[in-house]
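What follows is the content of coords.tsv, which has TSV, C-alpha atoms and all ligand atoms:
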```tsv
chain	number	residue	atom	x	y	z
A	1	MET	CA	0.00	0.00	0.00
A	2	SER	CA	1.31	3.40	-0.92
A	3	GLU	CA	2.32	5.73	1.82
A	4	ILE	CA	-0.37	8.18	0.75
A	5	LYS	CA	-3.09	5.54	1.04
A	6	GLN	CA	-1.78	4.70	4.49
A	7	ILE	CA	-2.00	8.30	5.58
A	8	GLN	CA	-5.56	8.43	4.35
A	9	LEU	CA	-6.56	5.29	6.30
A	10	ASN	CA	-4.80	6.62	9.34
A	11	PHE	CA	-6.76	9.87	9.03
A	12	GLU	CA	-10.10	8.15	8.51
A	13	GLU	CA	-9.61	6.01	11.58
A	14	LYS	CA	-8.77	8.93	13.82
A	15	PHE	CA	-11.44	11.12	12.28
A	16	ARG	CA	-14.15	8.63	13.28
A	17	ASP	CA	-13.41	9.15	16.97
A	18	ILE	CA	-13.42	12.94	16.94
A	19	SER	CA	-16.06	14.28	19.34
A	20	SER	CA	-15.11	17.90	19.93
A	21	LYS	CA	-13.86	21.00	18.18
A	22	GLU	CA	-10.69	20.88	20.27
A	23	ASP	CA	-9.92	17.27	19.21
A	24	LEU	CA	-10.50	18.27	15.61
A	25	GLN	CA	-8.01	21.11	15.92
A	26	ILE	CA	-5.41	18.66	17.27
A	27	LEU	CA	-6.07	16.28	14.38
A	28	LYS	CA	-5.71	19.12	11.89
A	29	THR	CA	-2.30	20.01	13.32
A	30	GLU	CA	-1.26	16.38	13.21
A	31	PHE	CA	-1.82	16.32	9.44
A	32	PHE	CA	-1.30	19.90	8.34
A	33	GLY	CA	1.01	21.35	11.01
A	34	LYS	CA	4.59	22.31	10.13
A	35	ASN	CA	5.77	18.73	10.64
A	36	GLY	CA	2.34	17.24	9.96
A	37	LEU	CA	1.88	13.95	8.12
A	38	ILE	CA	0.71	15.60	4.93
A	39	SER	CA	2.99	18.67	5.09
A	40	THR	CA	6.12	16.47	5.27
A	41	GLN	CA	5.02	14.54	2.17
A	42	PHE	CA	5.25	17.70	0.10
A	43	LYS	CA	8.89	18.05	1.07
A	44	LYS	CA	9.62	14.72	-0.59
A	45	MET	CA	8.71	16.07	-4.01
A	46	GLY	CA	12.21	17.41	-4.70
A	47	SER	CA	13.86	13.99	-4.69
A	48	LEU	CA	11.53	12.46	-7.32
A	49	ASN	CA	11.99	12.33	-11.10
A	50	GLU	CA	9.51	13.97	-13.50
A	51	ASN	CA	7.21	10.96	-13.95
A	52	GLU	CA	7.09	9.93	-10.32
A	53	LYS	CA	6.54	13.51	-9.35
A	54	LYS	CA	3.42	13.82	-11.56
A	55	ILE	CA	1.72	10.76	-10.05
A	56	PHE	CA	2.82	11.53	-6.51
A	57	ALA	CA	1.76	15.15	-6.69
A	58	ASN	CA	-1.62	14.17	-8.05
A	59	ASP	CA	-2.23	11.60	-5.28
A	60	LEU	CA	-0.96	13.94	-2.61
A	61	ASN	CA	-3.17	16.80	-3.77
A	62	ASN	CA	-6.18	14.51	-3.80
A	63	LEU	CA	-5.38	13.42	-0.29
A	64	LYS	CA	-4.94	17.01	0.81
A	65	ASP	CA	-8.30	18.04	-0.68
A	66	PHE	CA	-10.03	15.03	0.83
A	67	VAL	CA	-8.71	15.66	4.32
A	68	THR	CA	-9.24	19.43	4.13
A	69	GLU	CA	-12.87	19.00	3.13
A	70	LYS	CA	-13.56	16.50	5.89
A	71	ILE	CA	-12.00	18.74	8.51
A	72	GLU	CA	-13.74	21.93	7.33
A	73	ASN	CA	-17.16	20.26	7.23
A	74	LYS	CA	-16.66	18.83	10.67
A	75	PHE	CA	-15.67	22.25	12.01
A	76	LYS	CA	-18.87	23.69	10.60
A	77	GLU	CA	-20.88	20.91	12.20
A	78	PHE	CA	-19.39	21.69	15.60
A	79	GLU	CA	-20.05	25.42	15.16
A	80	ASP	CA	-23.69	24.85	14.23
A	81	LEU	CA	-24.04	22.65	17.26
A	82	ILE	CA	-22.63	25.31	19.55
A	83	ILE	CA	-24.92	28.00	18.10
A	84	ASN	CA	-27.98	25.79	18.38
A	85	GLU	CA	-27.17	25.03	22.00
A	86	LYS	CA	-26.82	28.76	22.68
A	87	LEU	CA	-30.10	29.59	20.94
A	88	LYS	CA	-31.90	27.01	23.00
A	89	GLY	CA	-30.87	28.83	26.16
A	90	GLU	CA	-31.61	32.29	24.81
A	91	LYS	CA	-34.95	31.87	23.16
A	92	ILE	CA	-37.77	34.18	24.21
A	93	ASP	CA	-41.25	33.01	24.74
A	94	VAL	CA	-43.31	35.65	22.98
A	95	THR	CA	-46.50	34.28	24.47
A	96	LEU	CA	-45.43	35.32	27.98
A	97	PRO	CA	-47.69	38.05	29.48
A	98	ILE	CA	-46.18	41.59	29.38
A	99	ARG	CA	-44.66	43.05	32.51
A	100	SER	CA	-46.98	45.47	34.22
A	101	ARG	CA	-45.96	49.13	33.86
A	102	SER	CA	-44.37	50.90	36.80
A	103	ASN	CA	-46.78	52.71	39.10
A	104	GLY	CA	-44.84	55.98	39.09
A	105	LYS	CA	-46.43	59.01	37.44
A	106	ILE	CA	-45.00	62.34	36.34
A	107	HIS	CA	-46.44	65.26	38.30
A	108	PRO	CA	-48.49	67.67	36.14
A	109	VAL	CA	-46.11	70.52	37.05
A	110	SER	CA	-43.09	68.55	35.81
A	111	GLN	CA	-45.04	67.59	32.71
A	112	VAL	CA	-45.92	71.21	31.99
A	113	ILE	CA	-42.28	72.29	32.51
A	114	ASP	CA	-41.23	69.67	29.96
A	115	GLU	CA	-43.91	70.83	27.55
A	116	ILE	CA	-42.94	74.49	27.89
A	117	SER	CA	-39.23	73.71	27.50
A	118	SER	CA	-39.98	71.74	24.36
A	119	ILE	CA	-42.00	74.63	22.88
A	120	PHE	CA	-39.39	77.31	23.58
A	121	SER	CA	-36.40	75.21	22.58
A	122	GLU	CA	-38.02	74.87	19.17
A	123	ILE	CA	-37.53	78.63	18.63
A	124	GLY	CA	-34.01	78.81	19.98
A	125	PHE	CA	-34.35	79.36	23.74
A	126	SER	CA	-32.06	77.41	26.03
A	127	VAL	CA	-33.02	76.27	29.51
A	128	VAL	CA	-31.15	77.78	32.47
A	129	GLU	CA	-31.62	77.25	36.20
A	130	GLY	CA	-30.83	79.25	39.32
A	131	PRO	CA	-30.81	78.60	43.07
A	132	ASP	CA	-33.89	78.88	45.31
A	133	VAL	CA	-31.89	80.72	47.98
A	134	GLU	CA	-30.99	84.12	46.55
A	135	SER	CA	-29.32	87.32	47.60
A	136	GLU	CA	-31.53	90.33	48.24
A	137	TYR	CA	-29.43	92.08	45.57
A	138	ASN	CA	-30.23	89.64	42.72
A	139	ASN	CA	-33.86	89.27	43.71
A	140	PHE	CA	-34.60	93.01	44.09
A	141	THR	CA	-31.88	95.65	43.86
A	142	ALA	CA	-30.29	94.59	40.58
A	143	LEU	CA	-33.81	94.29	39.16
A	144	ASN	CA	-34.30	98.02	39.66
A	145	THR	CA	-36.26	97.48	42.87
A	146	PRO	CA	-34.52	99.62	45.54
A	147	GLU	CA	-34.98	99.11	49.25
A	148	ASP	CA	-37.94	101.42	49.78
A	149	HIS	CA	-39.78	100.26	46.68
A	150	PRO	CA	-43.40	99.19	47.35
A	151	ALA	CA	-42.95	96.11	45.12
A	152	ARG	CA	-40.83	94.58	47.90
A	153	ASP	CA	-43.80	94.46	50.28
A	154	MET	CA	-46.05	93.05	47.60
A	155	HIS	CA	-43.80	90.06	47.26
A	156	ASP	CA	-44.37	88.77	50.85
A	157	THR	CA	-40.78	87.67	51.03
A	158	PHE	CA	-39.41	84.86	53.20
A	159	TYR	CA	-36.13	86.32	54.48
A	160	LEU	CA	-33.51	83.92	55.76
A	161	ASP	CA	-31.49	86.25	58.01
A	162	GLU	CA	-32.16	89.21	60.25
A	163	LYS	CA	-30.35	91.67	58.03
A	164	LYS	CA	-32.58	90.61	55.13
A	165	LYS	CA	-29.62	89.88	52.88
A	166	THR	CA	-30.63	86.36	51.84
A	167	LEU	CA	-34.08	85.16	50.98
A	168	LEU	CA	-36.08	82.49	49.15
A	169	ARG	CA	-36.45	83.95	45.67
A	170	THR	CA	-39.87	85.50	45.14
A	171	HIS	CA	-39.68	85.09	41.36
A	172	THR	CA	-37.39	83.58	38.72
A	173	SER	CA	-36.29	87.04	37.53
A	174	PRO	CA	-32.98	86.97	39.54
A	175	VAL	CA	-31.78	84.39	37.00
A	176	GLN	CA	-31.94	87.21	34.42
A	177	ILE	CA	-29.31	88.98	36.52
A	178	ARG	CA	-27.18	85.85	36.98
A	179	THR	CA	-27.27	85.10	33.27
A	180	MET	CA	-26.41	88.58	32.08
A	181	MET	CA	-23.65	89.02	34.69
A	182	LYS	CA	-22.00	85.79	33.61
A	183	GLY	CA	-22.15	85.98	29.83
A	184	LYS	CA	-22.16	88.27	26.85
A	185	PRO	CA	-25.25	89.21	24.81
A	186	PRO	CA	-27.23	87.99	22.92
A	187	PHE	CA	-29.22	86.05	25.53
A	188	LYS	CA	-32.16	83.81	24.73
A	189	ILE	CA	-33.15	81.75	27.75
A	190	ILE	CA	-36.03	80.33	29.70
A	191	VAL	CA	-35.80	79.56	33.42
A	192	PRO	CA	-38.25	77.17	35.03
A	193	GLY	CA	-38.11	76.85	38.80
A	194	ARG	CA	-39.52	77.06	42.29
A	195	THR	CA	-40.43	80.43	43.79
A	196	TYR	CA	-41.69	81.41	47.26
A	197	ARG	CA	-44.07	83.93	48.75
A	198	CYS	CA	-45.75	83.98	52.13
A	199	ASP	CA	-49.25	83.48	50.79
A	200	SER	CA	-51.74	80.61	50.77
A	201	ASP	CA	-55.27	80.06	49.46
A	202	GLN	CA	-57.05	78.16	46.69
A	203	THR	CA	-54.99	79.83	43.97
A	204	HIS	CA	-51.83	80.72	45.95
A	205	ALA	CA	-49.28	78.45	47.60
A	206	PRO	CA	-46.20	79.53	49.59
A	207	MET	CA	-44.12	77.59	47.09
A	208	PHE	CA	-45.09	77.76	43.45
A	209	HIS	CA	-43.46	77.60	40.03
A	210	GLN	CA	-42.55	80.21	37.50
A	211	LEU	CA	-41.02	80.27	34.09
A	212	GLU	CA	-38.88	83.26	33.24
A	213	GLY	CA	-38.10	84.19	29.65
A	214	LEU	CA	-35.38	86.58	28.53
A	215	HIS	CA	-34.40	87.58	25.01
A	216	ILE	CA	-31.73	90.26	24.61
A	217	ASP	CA	-30.26	91.08	21.23
A	218	LYS	CA	-29.86	93.98	18.80
A	219	GLY	CA	-33.14	95.50	17.69
A	220	ILE	CA	-35.56	93.43	19.77
A	221	ASN	CA	-38.91	95.18	20.29
A	222	MET	CA	-42.36	94.68	21.75
A	223	GLY	CA	-43.52	93.07	18.48
A	224	HIS	CA	-41.09	90.21	19.02
A	225	LEU	CA	-42.43	89.76	22.54
A	226	LYS	CA	-45.98	89.61	21.28
A	227	GLY	CA	-45.14	87.15	18.49
A	228	CYS	CA	-43.21	84.94	20.86
A	229	LEU	CA	-45.99	84.76	23.48
A	230	ASN	CA	-48.65	84.27	20.84
A	231	TYR	CA	-46.71	81.30	19.44
A	232	PHE	CA	-46.18	79.87	22.90
A	233	ILE	CA	-49.81	80.04	23.99
A	234	LYS	CA	-51.07	78.47	20.76
A	235	GLU	CA	-48.59	75.62	21.03
A	236	PHE	CA	-49.16	75.08	24.71
A	237	PHE	CA	-52.94	74.94	24.60
A	238	GLU	CA	-52.85	73.17	21.25
A	239	VAL	CA	-55.40	75.49	19.68
A	240	LYS	CA	-55.27	77.27	16.32
A	241	ASN	CA	-56.91	80.50	17.44
A	242	ILE	CA	-56.04	82.29	20.57
A	243	LYS	CA	-57.50	85.43	22.09
A	244	MET	CA	-54.81	87.36	23.83
A	245	ARG	CA	-54.74	90.85	25.31
A	246	PHE	CA	-51.93	92.97	26.68
A	247	ARG	CA	-52.93	95.12	29.66
A	248	PRO	CA	-50.59	97.94	30.73
A	249	SER	CA	-49.03	97.08	34.07
A	250	HIS	CA	-46.02	97.89	36.17
A	251	PHE	CA	-42.88	95.97	37.07
A	252	PRO	CA	-39.77	97.84	38.22
A	253	PHE	CA	-37.54	95.78	35.91
A	254	THR	CA	-39.46	96.29	32.66
A	255	GLU	CA	-40.53	99.42	30.80
A	256	PRO	CA	-43.10	99.36	29.30
A	257	SER	CA	-44.69	96.52	31.25
A	258	ALA	CA	-47.79	94.49	30.55
A	259	GLU	CA	-49.86	91.66	31.86
A	260	VAL	CA	-51.26	89.17	29.41
A	261	ASP	CA	-54.74	87.69	29.59
A	262	ILE	CA	-56.10	84.94	27.42
A	263	GLY	CA	-59.72	84.71	26.36
A	264	TYR	CA	-61.84	81.69	27.33
A	265	ARG	CA	-65.35	80.50	27.94
A	266	LEU	CA	-66.85	77.95	30.27
A	267	LYS	CA	-68.53	74.93	28.74
A	268	ASP	CA	-70.10	72.38	31.13
A	269	GLY	CA	-67.86	73.69	33.89
A	270	LYS	CA	-64.73	73.30	31.75
A	271	ILE	CA	-62.49	76.00	30.38
A	272	VAL	CA	-62.37	76.35	26.59
A	273	ILE	CA	-59.36	78.42	25.50
A	274	GLY	CA	-59.54	80.77	22.49
A	275	GLU	CA	-63.30	81.36	22.56
A	276	GLY	CA	-65.78	83.38	24.60
A	277	ASP	CA	-65.48	86.71	26.38
A	278	LYS	CA	-63.92	85.87	29.74
A	279	TRP	CA	-60.30	86.80	30.45
A	280	LEU	CA	-57.67	85.06	32.54
A	281	GLU	CA	-54.35	86.55	33.57
A	282	ILE	CA	-51.45	84.21	32.92
A	283	LEU	CA	-48.22	86.19	32.80
A	284	GLY	CA	-46.29	89.42	33.31
A	285	CYS	CA	-43.89	90.81	30.76
A	286	GLY	CA	-42.23	93.85	29.25
A	287	MET	CA	-39.12	95.36	27.70
A	288	VAL	CA	-36.12	94.96	30.01
A	289	HIS	CA	-35.51	98.25	31.87
A	290	PRO	CA	-32.26	100.06	30.88
A	291	ASN	CA	-31.27	100.15	34.58
A	292	VAL	CA	-31.30	96.35	34.68
A	293	LEU	CA	-29.04	96.24	31.63
A	294	LYS	CA	-26.77	98.84	33.27
A	295	ASN	CA	-26.61	96.80	36.50
A	296	THR	CA	-25.52	93.73	34.55
A	297	LYS	CA	-22.99	95.57	32.32
A	298	VAL	CA	-24.97	95.11	29.13
A	299	ASP	CA	-24.62	98.04	26.73
A	300	ALA	CA	-28.18	99.39	26.62
A	301	LYS	CA	-27.39	101.49	23.54
A	302	LYS	CA	-26.62	98.40	21.51
A	303	PHE	CA	-28.78	95.73	23.11
A	304	GLN	CA	-32.34	95.59	24.30
A	305	GLY	CA	-34.95	92.93	24.71
A	306	PHE	CA	-37.95	91.52	26.47
A	307	ALA	CA	-38.62	89.42	29.53
A	308	PHE	CA	-41.66	87.56	30.77
A	309	GLY	CA	-42.67	85.56	33.83
A	310	ILE	CA	-45.32	82.85	33.58
A	311	GLY	CA	-47.06	81.10	36.46
A	312	ILE	CA	-46.50	77.43	35.67
A	313	ASP	CA	-48.98	76.01	38.19
A	314	ARG	CA	-51.71	78.21	36.77
A	315	LEU	CA	-51.00	76.93	33.27
A	316	ALA	CA	-51.09	73.33	34.46
A	317	MET	CA	-54.41	73.91	36.24
A	318	LEU	CA	-55.90	75.47	33.11
A	319	LYS	CA	-54.68	72.88	30.66
A	320	TYR	CA	-55.50	69.82	32.72
A	321	GLY	CA	-58.65	71.02	34.47
A	322	ILE	CA	-57.31	71.02	38.04
A	323	ASN	CA	-59.21	73.47	40.20
A	324	ASP	CA	-57.31	73.59	43.48
A	325	LEU	CA	-53.65	74.59	43.45
A	326	ARG	CA	-53.04	73.09	46.89
A	327	ALA	CA	-53.60	69.56	45.57
A	328	PHE	CA	-50.35	69.93	43.65
A	329	PHE	CA	-48.34	69.85	46.84
A	330	GLU	CA	-50.24	67.39	49.02
A	331	THR	CA	-48.47	64.27	47.67
A	332	ASP	CA	-51.70	62.31	47.59
A	333	TYR	CA	-50.94	59.24	45.45
A	334	ARG	CA	-54.55	58.80	44.40
A	335	TRP	CA	-54.53	62.34	43.04
A	336	LEU	CA	-51.20	61.79	41.30
A	337	ASN	CA	-52.44	58.55	39.77
A	338	HIS	CA	-55.37	60.41	38.33
A	339	TYR	CA	-53.66	63.60	37.13
A	340	GLY	CA	-50.11	62.30	36.57
A	341	PHE	CA	-48.47	61.36	33.28
A	342	ASP	CA	-46.79	58.27	31.93
A	343	PRO	CA	-43.01	58.54	32.51
A	344	LEU	CA	-42.31	57.13	29.05
A	345	ASP	CA	-44.49	59.66	27.29
A	346	VAL	CA	-42.05	62.55	27.03
A	347	PRO	CA	-43.69	65.60	25.44
A	348	THR	CA	-42.38	66.85	22.08
A	349	ASN	CA	-43.75	69.47	19.72
A	350	TYR	CA	-43.87	67.37	16.63
A	351	ARG	CA	-45.64	64.44	18.26
A	352	GLY	CA	-48.16	66.47	20.24
A	353	LEU	CA	-47.55	67.62	23.75
A	354	SER	CA	-50.32	66.10	25.80
A	355	ARG	CA	-51.24	62.83	24.18
B	401	LIG	N1	-41.18	88.54	37.96
B	401	LIG	C1	-42.50	89.01	37.72
B	401	LIG	C2	-43.43	88.44	38.79
B	401	LIG	O1	-43.09	87.52	39.45
B	401	LIG	C3	-43.00	88.59	36.36
B	401	LIG	C4	-42.23	89.26	35.26
B	401	LIG	C5	-41.11	88.66	34.72
B	401	LIG	C6	-42.64	90.47	34.73
B	401	LIG	C7	-40.39	89.26	33.73
B	401	LIG	C8	-41.95	91.08	33.71
B	401	LIG	C9	-40.83	90.47	33.21
B	401	LIG	O2	-44.54	88.86	38.96
```
Just give me the structure of the file as structure tokens.
Ligand code: PHE
Amino acid sequence: MSEIKQIQLNFEEKFRDISSKEDLQILKTEFFGKNGLISTQFKKMGSLNENEKKIFANDLNNLKDFVTEKIENKFKEFEDLIINEKLKGEKIDVTLPIRSRSNGKIHPVSQVIDEISSIFSEIGFSVVEGPDVESEYNNFTALNTPEDHPARDMHDTFYLDEKKKTLLRTHTSPVQIRTMMKGKPPFKIIVPGRTYRCDSDQTHAPMFHQLEGLHIDKGINMGHLKGCLNYFIKEFFEVKNIKMRFRPSHFPFTEPSAEVDIGYRLKDGKIVIGEGDKWLEILGCGMVHPNVLKNTKVDAKKFQGFAFGIGIDRLAMLKYGINDLRAFFETDYRWLNHYGFDPLDVPTNYRGLSR
């Protein structure tokens, strides 16, 4: 029997007993490794004459192809086996019942803050925050509200020290000061946050939420303010037509100043926005007072702009038909379950805010 035939028989015998990928690898090395049974045969070629070489090379190549094919196929078999084993362990039973959703709900105030942020970010406002504990300077003085100004009493301030130097901010307007002190114009920001006044009844709570808006740039006028608020109210209440009126008002930090009412009517005890002849006050606004710009080192000859302050809780009550503000802060889970929002349903403009 030729040596090549012997090698083949030898291979076939060993191949029959292979039971793992590792064994197969060892067998492969035995035949094809550097000093493997087949590899060494090739080295013999040099010592043969032309005729012998032809026959030998032919037989050897056949053997090589035969063994290679067997080994490759077997490798594939082992790999399929391994994958199938793995799949068995990883399969999902699609008939299993779904997991129940978490019980947590998003508070209407948080929901409304997300909605408002989404609306304003669409037209280029960025969201900024400030601390609840403020200096008397940022909360009043820098906002053109000197010590003897009557607006200070109207704010029912919670002071935190006897000298009345620190306080719980009575509005989000001090973040206007912080922002303008820190950066360079233009500014285009909104500031949602907690605010505090010593006041409590059905529509007032000692802690409530405001949203400040500030847009400072070259050539900003009252028309921009009006357009901006008009856009916001339409988007927020998701109505095409909105009735809005600007009433002259007074804030020390804006000149001229206005309060904005929106028109509504009552239908079966519910508020319908954009129709009817009743008016509801929802925000204060105006053109930023030159003194405020001066206090924050903004060149009032080059830059001007508008600011507004919206009562967030009020907006939430209106939009979601909640009639007592105090319920917001009572942490009653039954109430939250009823009025709260799904945590996965993040509001966006394009998808609709309050689905
Ligand atoms: N800070 C004012 C308030 O709390 C609202 C306001 C903000 C008015 C900005 C004008 C401009 O009543």
Quiz item: atom CA of Val288 of chain A and atom CA of Gly183 of chain A, how far apart in Å?
Solution: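 Rounded to one decimal, the two atoms are 16.6 Å apart.
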Leaving out Lys5 of chain A and any residue of its chain fewer than 4 positions from it, which residues lie within 12 Å of it when counting only C-alpha atoms, given as a PDB file with C-alpha atoms, in the coordinates of the input?
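File produced: around.pdb:
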```
ATOM      1  CA  MET A   1       0.000   0.000   0.000  1.00  0.00           C
ATOM      2  CA  LEU A   9      -6.560   5.290   6.300  1.00  0.00           C
ATOM      3  CA  ASN A  10      -4.800   6.620   9.340  1.00  0.00           C
ATOM      4  CA  PHE A  11      -6.760   9.870   9.030  1.00  0.00           C
ATOM      5  CA  GLU A  12     -10.100   8.150   8.510  1.00  0.00           C
ATOM      6  CA  ILE A  38       0.710  15.600   4.930  1.00  0.00           C
ATOM      7  CA  PHE A  56       2.820  11.530  -6.510  1.00  0.00           C
ATOM      8  CA  ASP A  59      -2.230  11.600  -5.280  1.00  0.00           C
ATOM      9  CA  LEU A  60      -0.960  13.940  -2.610  1.00  0.00           C
ATOM     10  CA  ASN A  62      -6.180  14.510  -3.800  1.00  0.00           C
ATOM     11  CA  LEU A  63      -5.380  13.420  -0.290  1.00  0.00           C
ATOM     12  CA  LYS A  64      -4.940  17.010   0.810  1.00  0.00           C
ATOM     13  CA  PHE A  66     -10.030  15.030   0.830  1.00  0.00           C
TER      14      PHE A  66
END
```
Need to verify the contact set: Lys188 of chain A, 9 Å, all atoms listed in the file, exclusion of same-chain residues closer than 4 positions in sequence. Can you return it as a compact mmCIF listing (two decimals) with C-alpha atoms, keeping the file's coordinate frame?
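Result file is around.txt:
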```txt
# COMPACT_ATOMS: atom_id res chain seq x y z
CA GLY A 124 -34.01 78.81 19.98
CA PHE A 125 -34.35 79.36 23.74
CA SER A 126 -32.06 77.41 26.03
CA VAL A 127 -33.02 76.27 29.51
CA GLY A 213 -38.10 84.19 29.65
CA LEU A 214 -35.38 86.58 28.53
CA HIS A 215 -34.40 87.58 25.01
CA ILE A 216 -31.73 90.26 24.61
CA ASP A 217 -30.26 91.08 21.23
```
Name the residues, by chain letter and number, that sit within 9 Å of ligand LIG 401 (chain B) using only C-alpha atoms and all ligand atoms, and give them as a CSV table (one decimal) with C-alpha atoms, in the frame of the given file.
```csv
chain,number,residue,atom,x,y,z
A,155,HIS,CA,-43.8,90.1,47.3
A,170,THR,CA,-39.9,85.5,45.1
A,171,HIS,CA,-39.7,85.1,41.4
A,172,THR,CA,-37.4,83.6,38.7
A,173,SER,CA,-36.3,87.0,37.5
A,174,PRO,CA,-33.0,87.0,39.5
A,176,GLN,CA,-31.9,87.2,34.4
A,195,THR,CA,-40.4,80.4,43.8
A,210,GLN,CA,-42.6,80.2,37.5
A,211,LEU,CA,-41.0,80.3,34.1
A,212,GLU,CA,-38.9,83.3,33.2
A,213,GLY,CA,-38.1,84.2,29.6
A,214,LEU,CA,-35.4,86.6,28.5
A,250,HIS,CA,-46.0,97.9,36.2
A,251,PHE,CA,-42.9,96.0,37.1
A,252,PRO,CA,-39.8,97.8,38.2
A,253,PHE,CA,-37.5,95.8,35.9
A,254,THR,CA,-39.5,96.3,32.7
A,255,GLU,CA,-40.5,99.4,30.8
A,257,SER,CA,-44.7,96.5,31.2
A,258,ALA,CA,-47.8,94.5,30.6
A,259,GLU,CA,-49.9,91.7,31.9
A,283,LEU,CA,-48.2,86.2,32.8
A,284,GLY,CA,-46.3,89.4,33.3
A,285,CYS,CA,-43.9,90.8,30.8
A,286,GLY,CA,-42.2,93.8,29.2
A,287,MET,CA,-39.1,95.4,27.7
A,288,VAL,CA,-36.1,95.0,30.0
A,306,PHE,CA,-38.0,91.5,26.5
A,307,ALA,CA,-38.6,89.4,29.5
A,308,PHE,CA,-41.7,87.6,30.8
A,309,GLY,CA,-42.7,85.6,33.8
A,310,ILE,CA,-45.3,82.8,33.6
A,311,GLY,CA,-47.1,81.1,36.5
```
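The two atoms in question, atom CA of Glu275 of chain A and atom CA of Phe246 of chain A, are spaced 16.8 Å apart.
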Practice problem: Could you jot down the atom CA of Tyr137 of chain A to atom CA of Asp199 of chain A separation for me, Å, one decimal place? | Solution: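 Atom-to-atom, atom CA of Tyr137 of chain A and atom CA of Asp199 of chain A are spaced 22.2 Å apart.
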Might you pull out every residue within 9 Å of Ile177 of chain A, with only C-alpha atoms counted and same-chain residues fewer than 3 positions away left off, and present them as a compact mmCIF listing (two decimals) with C-alpha atoms, in the coordinates of the input?
```txt
# COMPACT_ATOMS: atom_id res chain seq x y z
CA ASN A 138 -30.23 89.64 42.72
CA ASN A 139 -33.86 89.27 43.71
CA ALA A 142 -30.29 94.59 40.58
CA LEU A 143 -33.81 94.29 39.16
CA SER A 173 -36.29 87.04 37.53
CA PRO A 174 -32.98 86.97 39.54
CA MET A 180 -26.41 88.58 32.08
CA MET A 181 -23.65 89.02 34.69
CA LYS A 182 -22.00 85.79 33.61
CA VAL A 292 -31.30 96.35 34.68
CA LEU A 293 -29.04 96.24 31.63
CA ASN A 295 -26.61 96.80 36.50
CA THR A 296 -25.52 93.73 34.55
```
Exercise. Might you pull out every residue within 12 Å of Asp277 of chain A, with all atoms listed in the file counted and same-chain residues fewer than 5 positions away left off, and present them as a list of chain:residue names?
Key: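 With the cut-off at 12 Å, the set is A:Ile242, A:Lys243, A:Met244, A:Arg245, A:Asp261, A:Ile262, A:Gly263, A:Tyr264, A:Arg265, A:Leu266, A:Ile271, A:Val272.
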Practice problem: Can you work out which one of A:Val109, A:Asp65, A:Leu48, A:Asn221 has the shortest atom-to-atom distance to Tyr320 of chain A, counting all atoms listed in the file? | Solution: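 When distances to Tyr320 of chain A are compared using all atoms listed in the file, the smallest one comes from A:Val109.
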Self-check item: Near-segment 164-167 of chain A list (7 Å; only C-alpha atoms; drop same-chain fewer than 3 positions) as a PyMOL selection string
Solution: chain A and resi 133-136+158-161
Self-check item: Radius query 12 Å about (-59.7, 68.7, 35.2), atoms used: all atoms listed in the file, as a PyMOL selection string
Solution: chain A and resi 108+268-272+316-325+335+338-340
Suppose we keep C-alpha atoms; can you now write the selection as a compact mmCIF listing (two decimals), keeping the file's coordinate frame?
```
# COMPACT_ATOMS: atom_id res chain seq x y z
CA PRO A 108 -48.49 67.67 36.14
CA ASP A 268 -70.10 72.38 31.13
CA GLY A 269 -67.86 73.69 33.89
CA LYS A 270 -64.73 73.30 31.75
CA ILE A 271 -62.49 76.00 30.38
CA VAL A 272 -62.37 76.35 26.59
CA ALA A 316 -51.09 73.33 34.46
CA MET A 317 -54.41 73.91 36.24
CA LEU A 318 -55.90 75.47 33.11
CA LYS A 319 -54.68 72.88 30.66
CA TYR A 320 -55.50 69.82 32.72
CA GLY A 321 -58.65 71.02 34.47
CA ILE A 322 -57.31 71.02 38.04
CA ASN A 323 -59.21 73.47 40.20
CA ASP A 324 -57.31 73.59 43.48
CA LEU A 325 -53.65 74.59 43.45
CA TRP A 335 -54.53 62.34 43.04
CA HIS A 338 -55.37 60.41 38.33
CA TYR A 339 -53.66 63.60 37.13
CA GLY A 340 -50.11 62.30 36.57
```
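Considering only C-alpha atoms, the residue among A:Pro185, A:Gly33, A:Pro206, A:Pro150 positioned nearest to Arg169 of chain A is A:Pro206.
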